[in-house]
Structure formats: C-alpha cells, structure tokens
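**Student:** Hey, dropping entry.cif in here, mmCIF, C-alpha atoms:
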```
data_protein
loop_
_atom_site.group_PDB
_atom_site.id
_atom_site.type_symbol
_atom_site.label_atom_id
_atom_site.label_comp_id
_atom_site.auth_asym_id
_atom_site.auth_seq_id
_atom_site.Cartn_x
_atom_site.Cartn_y
_atom_site.Cartn_z
ATOM 1 C CA MET E 184 132.762 120.103 83.692
ATOM 2 C CA ILE E 185 129.665 119.591 81.507
ATOM 3 C CA PRO E 186 131.440 120.449 78.211
ATOM 4 C CA VAL E 187 134.230 118.021 79.109
ATOM 5 C CA LEU E 188 131.649 115.376 79.940
ATOM 6 C CA ARG E 189 129.835 115.905 76.637
ATOM 7 C CA ALA E 190 133.109 115.718 74.735
ATOM 8 C CA LYS E 191 134.061 112.474 76.458
ATOM 9 C CA LEU E 192 130.612 110.972 75.809
ATOM 10 C CA ALA E 193 130.646 112.057 72.154
ATOM 11 C CA LYS E 194 134.091 110.516 71.711
ATOM 12 C CA GLY E 195 132.642 107.077 72.386
ATOM 13 C CA MET E 196 133.813 106.283 75.861
ATOM 14 C CA GLY E 197 132.478 103.318 77.771
ATOM 15 C CA HIS E 198 134.261 100.453 76.034
ATOM 16 C CA ASN E 199 137.516 98.805 76.940
ATOM 17 C CA TYR E 200 138.312 97.109 73.636
ATOM 18 C CA TYR E 201 141.676 98.828 73.301
ATOM 19 C CA GLY E 202 142.802 98.475 76.857
ATOM 20 C CA GLU E 203 141.466 101.780 78.121
ATOM 21 C CA PRO E 204 141.746 101.982 81.878
ATOM 22 C CA ALA E 205 138.557 102.261 83.889
ATOM 23 C CA TRP E 206 140.106 105.041 85.933
ATOM 24 C CA PRO E 207 139.496 107.910 85.280
ATOM 25 C CA ASN E 208 137.515 107.450 82.066
ATOM 26 C CA ASP E 209 134.606 105.240 83.118
ATOM 27 C CA LEU E 210 134.585 105.923 86.815
ATOM 28 C CA LEU E 211 134.647 109.714 86.571
ATOM 29 C CA TYR E 212 132.505 110.315 83.492
ATOM 30 C CA ILE E 213 130.194 107.400 82.661
ATOM 31 C CA PHE E 214 129.149 106.209 86.122
ATOM 32 C CA PRO E 215 127.976 109.635 87.376
ATOM 33 C CA VAL E 216 125.861 110.029 84.233
ATOM 34 C CA VAL E 217 124.186 106.672 84.867
ATOM 35 C CA ILE E 218 123.694 107.348 88.577
ATOM 36 C CA LEU E 219 122.318 110.869 88.045
ATOM 37 C CA GLY E 220 120.072 109.595 85.238
ATOM 38 C CA THR E 221 118.661 106.892 87.505
ATOM 39 C CA ILE E 222 118.054 109.405 90.286
ATOM 40 C CA ALA E 223 116.424 111.824 87.822
ATOM 41 C CA CYS E 224 114.096 109.074 86.535
ATOM 42 C CA ASN E 225 113.104 108.101 90.073
ATOM 43 C CA VAL E 226 112.468 111.710 91.110
ATOM 44 C CA GLY E 227 110.521 112.354 87.905
ATOM 45 C CA LEU E 228 108.306 109.334 88.480
ATOM 46 C CA ALA E 229 107.786 110.296 92.116
ATOM 47 C CA VAL E 230 106.731 113.822 91.142
ATOM 48 C CA LEU E 231 104.542 112.871 88.182
ATOM 49 C CA GLU E 232 102.904 109.738 89.617
ATOM 50 C CA PRO E 233 103.003 109.806 93.424
ATOM 51 C CA SER E 234 101.663 106.645 94.988
ATOM 52 C CA MET E 235 99.623 107.165 98.105
ATOM 53 C CA ILE E 236 100.295 104.760 100.936
ATOM 54 C CA GLY E 237 96.832 103.706 102.031
ATOM 55 C CA GLU E 238 93.992 105.973 103.050
ATOM 56 C CA PRO E 239 94.452 109.446 104.503
ATOM 57 C CA ALA E 240 94.809 109.383 108.267
ATOM 58 C CA ASP E 241 91.873 110.417 110.443
ATOM 59 C CA PRO E 242 92.861 110.477 114.126
ATOM 60 C CA PHE E 243 89.244 110.700 115.283
ATOM 61 C CA ALA E 244 87.974 107.643 113.384
ATOM 62 C CA THR E 245 88.226 104.352 115.265
ATOM 63 C CA PRO E 246 88.569 101.214 113.123
ATOM 64 C CA LEU E 247 85.625 98.827 113.081
ATOM 65 C CA GLU E 248 87.645 95.909 114.381
ATOM 66 C CA ILE E 249 90.883 96.385 116.249
ATOM 67 C CA LEU E 250 93.160 93.475 115.438
ATOM 68 C CA PRO E 251 96.061 92.404 117.662
ATOM 69 C CA GLU E 252 99.610 91.806 116.537
ATOM 70 C CA TRP E 253 100.270 88.770 114.363
ATOM 71 C CA TYR E 254 101.637 86.659 117.229
ATOM 72 C CA PHE E 255 98.454 87.201 119.297
ATOM 73 C CA PHE E 256 96.119 86.542 116.383
ATOM 74 C CA PRO E 257 95.445 82.796 117.034
ATOM 75 C CA VAL E 258 94.622 83.515 120.689
ATOM 76 C CA PHE E 259 92.387 86.383 119.596
ATOM 77 C CA GLN E 260 90.544 84.119 117.140
ATOM 78 C CA ILE E 261 89.948 81.453 119.802
ATOM 79 C CA LEU E 262 88.592 84.002 122.268
ATOM 80 C CA ARG E 263 86.426 85.566 119.587
ATOM 81 C CA THR E 264 84.877 82.339 118.255
ATOM 82 C CA VAL E 265 84.219 80.603 121.580
ATOM 83 C CA PRO E 266 81.180 82.169 123.276
ATOM 84 C CA ASN E 267 82.277 81.391 126.840
ATOM 85 C CA LYS E 268 85.472 83.164 127.948
ATOM 86 C CA LEU E 269 86.389 80.468 130.464
ATOM 87 C CA LEU E 270 86.060 77.803 127.773
ATOM 88 C CA GLY E 271 88.262 79.895 125.478
ATOM 89 C CA VAL E 272 90.960 80.200 128.129
ATOM 90 C CA LEU E 273 90.781 76.442 128.789
ATOM 91 C CA LEU E 274 91.114 75.744 125.050
ATOM 92 C CA MET E 275 94.171 77.989 124.877
ATOM 93 C CA ALA E 276 95.727 76.199 127.855
ATOM 94 C CA SER E 277 94.933 72.782 126.370
ATOM 95 C CA VAL E 278 96.982 73.394 123.212
ATOM 96 C CA PRO E 279 100.421 73.519 124.934
ATOM 97 C CA ALA E 280 99.325 70.783 127.345
ATOM 98 C CA GLY E 281 98.374 68.572 124.404
ATOM 99 C CA LEU E 282 101.681 69.254 122.680
ATOM 100 C CA LEU E 283 103.568 68.311 125.837
ATOM 101 C CA THR E 284 101.781 64.939 126.013
ATOM 102 C CA VAL E 285 102.573 63.940 122.403
ATOM 103 C CA PRO E 286 105.952 62.297 123.228
ATOM 104 C CA PHE E 287 104.363 60.152 125.949
ATOM 105 C CA PHE E 288 101.555 58.957 123.686
ATOM 106 C CA LEU E 289 104.076 58.282 120.923
ATOM 107 C CA LYS E 290 106.186 56.185 123.297
ATOM 108 C CA MET E 291 103.107 54.232 124.379
ATOM 109 C CA LEU E 292 102.161 53.664 120.738
ATOM 110 C CA ILE E 293 105.622 52.415 119.791
ATOM 111 C CA SER E 294 105.874 50.074 122.776
ATOM 112 C CA SER E 295 102.425 48.557 122.223
ATOM 113 C CA LYS E 296 102.024 45.283 120.347
ATOM 114 C CA ILE E 297 99.354 46.741 118.076
ATOM 115 C CA HIS E 298 101.928 49.014 116.512
ATOM 116 C CA PHE E 299 104.193 46.089 115.638
ATOM 117 C CA VAL E 300 101.309 44.109 114.156
ATOM 118 C CA VAL E 301 100.208 47.027 112.005
ATOM 119 C CA GLN E 302 103.764 47.754 110.975
ATOM 120 C CA SER E 303 104.487 44.123 110.046
ATOM 121 C CA GLN E 304 101.446 44.000 107.749
ATOM 122 C CA GLN E 305 102.618 46.968 105.706
ATOM 123 C CA PRO E 306 104.527 46.041 102.552
ATOM 124 C CA SER E 307 108.166 47.016 102.506
ATOM 125 C CA PHE E 308 109.672 48.436 99.360
#
```
Just dump the structure as structure tokens.
**Tutor:**
Amino acid sequence: MIPVLRAKLAKGMGHNYYGEPAWPNDLLYIFPVVILGTIACNVGLAVLEPSMIGEPADPFATPLEILPEWYFFPVFQILRTVPNKLLGVLLMASVPAGLLTVPFFLKMLISSKIHFVVQSQQPSF
C-alpha cells in the first residue's frame, strides 16, 4: 500500500483541474496522509512537550481556603464578610425580598405626580 501511495503522491495527485474524480483518488490516498500526519504531529508534540495540568495531587494536603461552587459564591462572600452570622443570613434574605418589592415601588413612582413633573421637565428629542 505504501509504494502505491508514494507513486500516487509523486504523480501529483490532489488537484481536480482536469476533472479527476475525488473518489478514489483524493479520498483514499490524500486524506489519510493528511489525517495521519496531523495525528503524528499531535502525538509528537504530546510526547516531546507534555503540559502538566496544574500541580501534582497530594491527598493529604488540605487547601488553605475551601471555596464553594460558583453558584454559592455570593452567599459565601456575604457570610464571610459580615461578622455576625445572623446579620449575614438577614442580608441574604433581604436581597430576594428587595427584588420582589421593586415592581410595587416602580408602580408607586409612576403613579405619583412627582414623576410626571420630573418627566415633563426633561427635553424631548
């Protein structure tokens, strides 16, 4: 198979100027050479220059600060920065409560006369 492949490559395959069909010329001889060459380059780079993924594992070493998952991180920061735990829990509960009251305050602001006065003094473009 390799002598046939070398003969086909030396003949100048890989162009379709004269209406050469892609099957079997390109698909059976050129594409495997490109694919195997790419795999050989990747394996060669992996063998010659292996990249280590982080530090070596030590199962007996505990990290200095254990961080929670990303979705618990804001709650963790609030509990860590506020000295009193009860105050931290109340702050965490006040965030959703404050977000739930925004539509009511917005409705009160729109229905008030102050809003219309402020809005009428703004220039319109």
**Student:** Figure out the distance between CA of Ala223 in chain E and CA of Ile236 in chain E, please, to one decimal in Å.
**Tutor:**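 Taking CA of Ile236 in chain E as the start and CA of Ala223 in chain E as the end point, the length is 22.0 Å.
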**Student:** So, counting all atoms listed in the file, which residue among E:Leu274, E:Leu292, E:Ile249, E:Val230 is closest to Ile261 in chain E?
**Tutor:**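 Counting all atoms listed in the file, the residue closest to Ile261 in chain E is E:Leu274.
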**Student:** Quick one: of E:Leu228, E:Leu282, E:Ala190, E:Ala240, who's nearest to Asn208 in chain E, counting all atoms listed in the file?
**Tutor:** E:Ala190
**Student:** Between CA of Val226 in chain E and CA of Arg189 in chain E, what is the distance in Å, rounded to a tenth?
**Tutor:** 23.0 Å
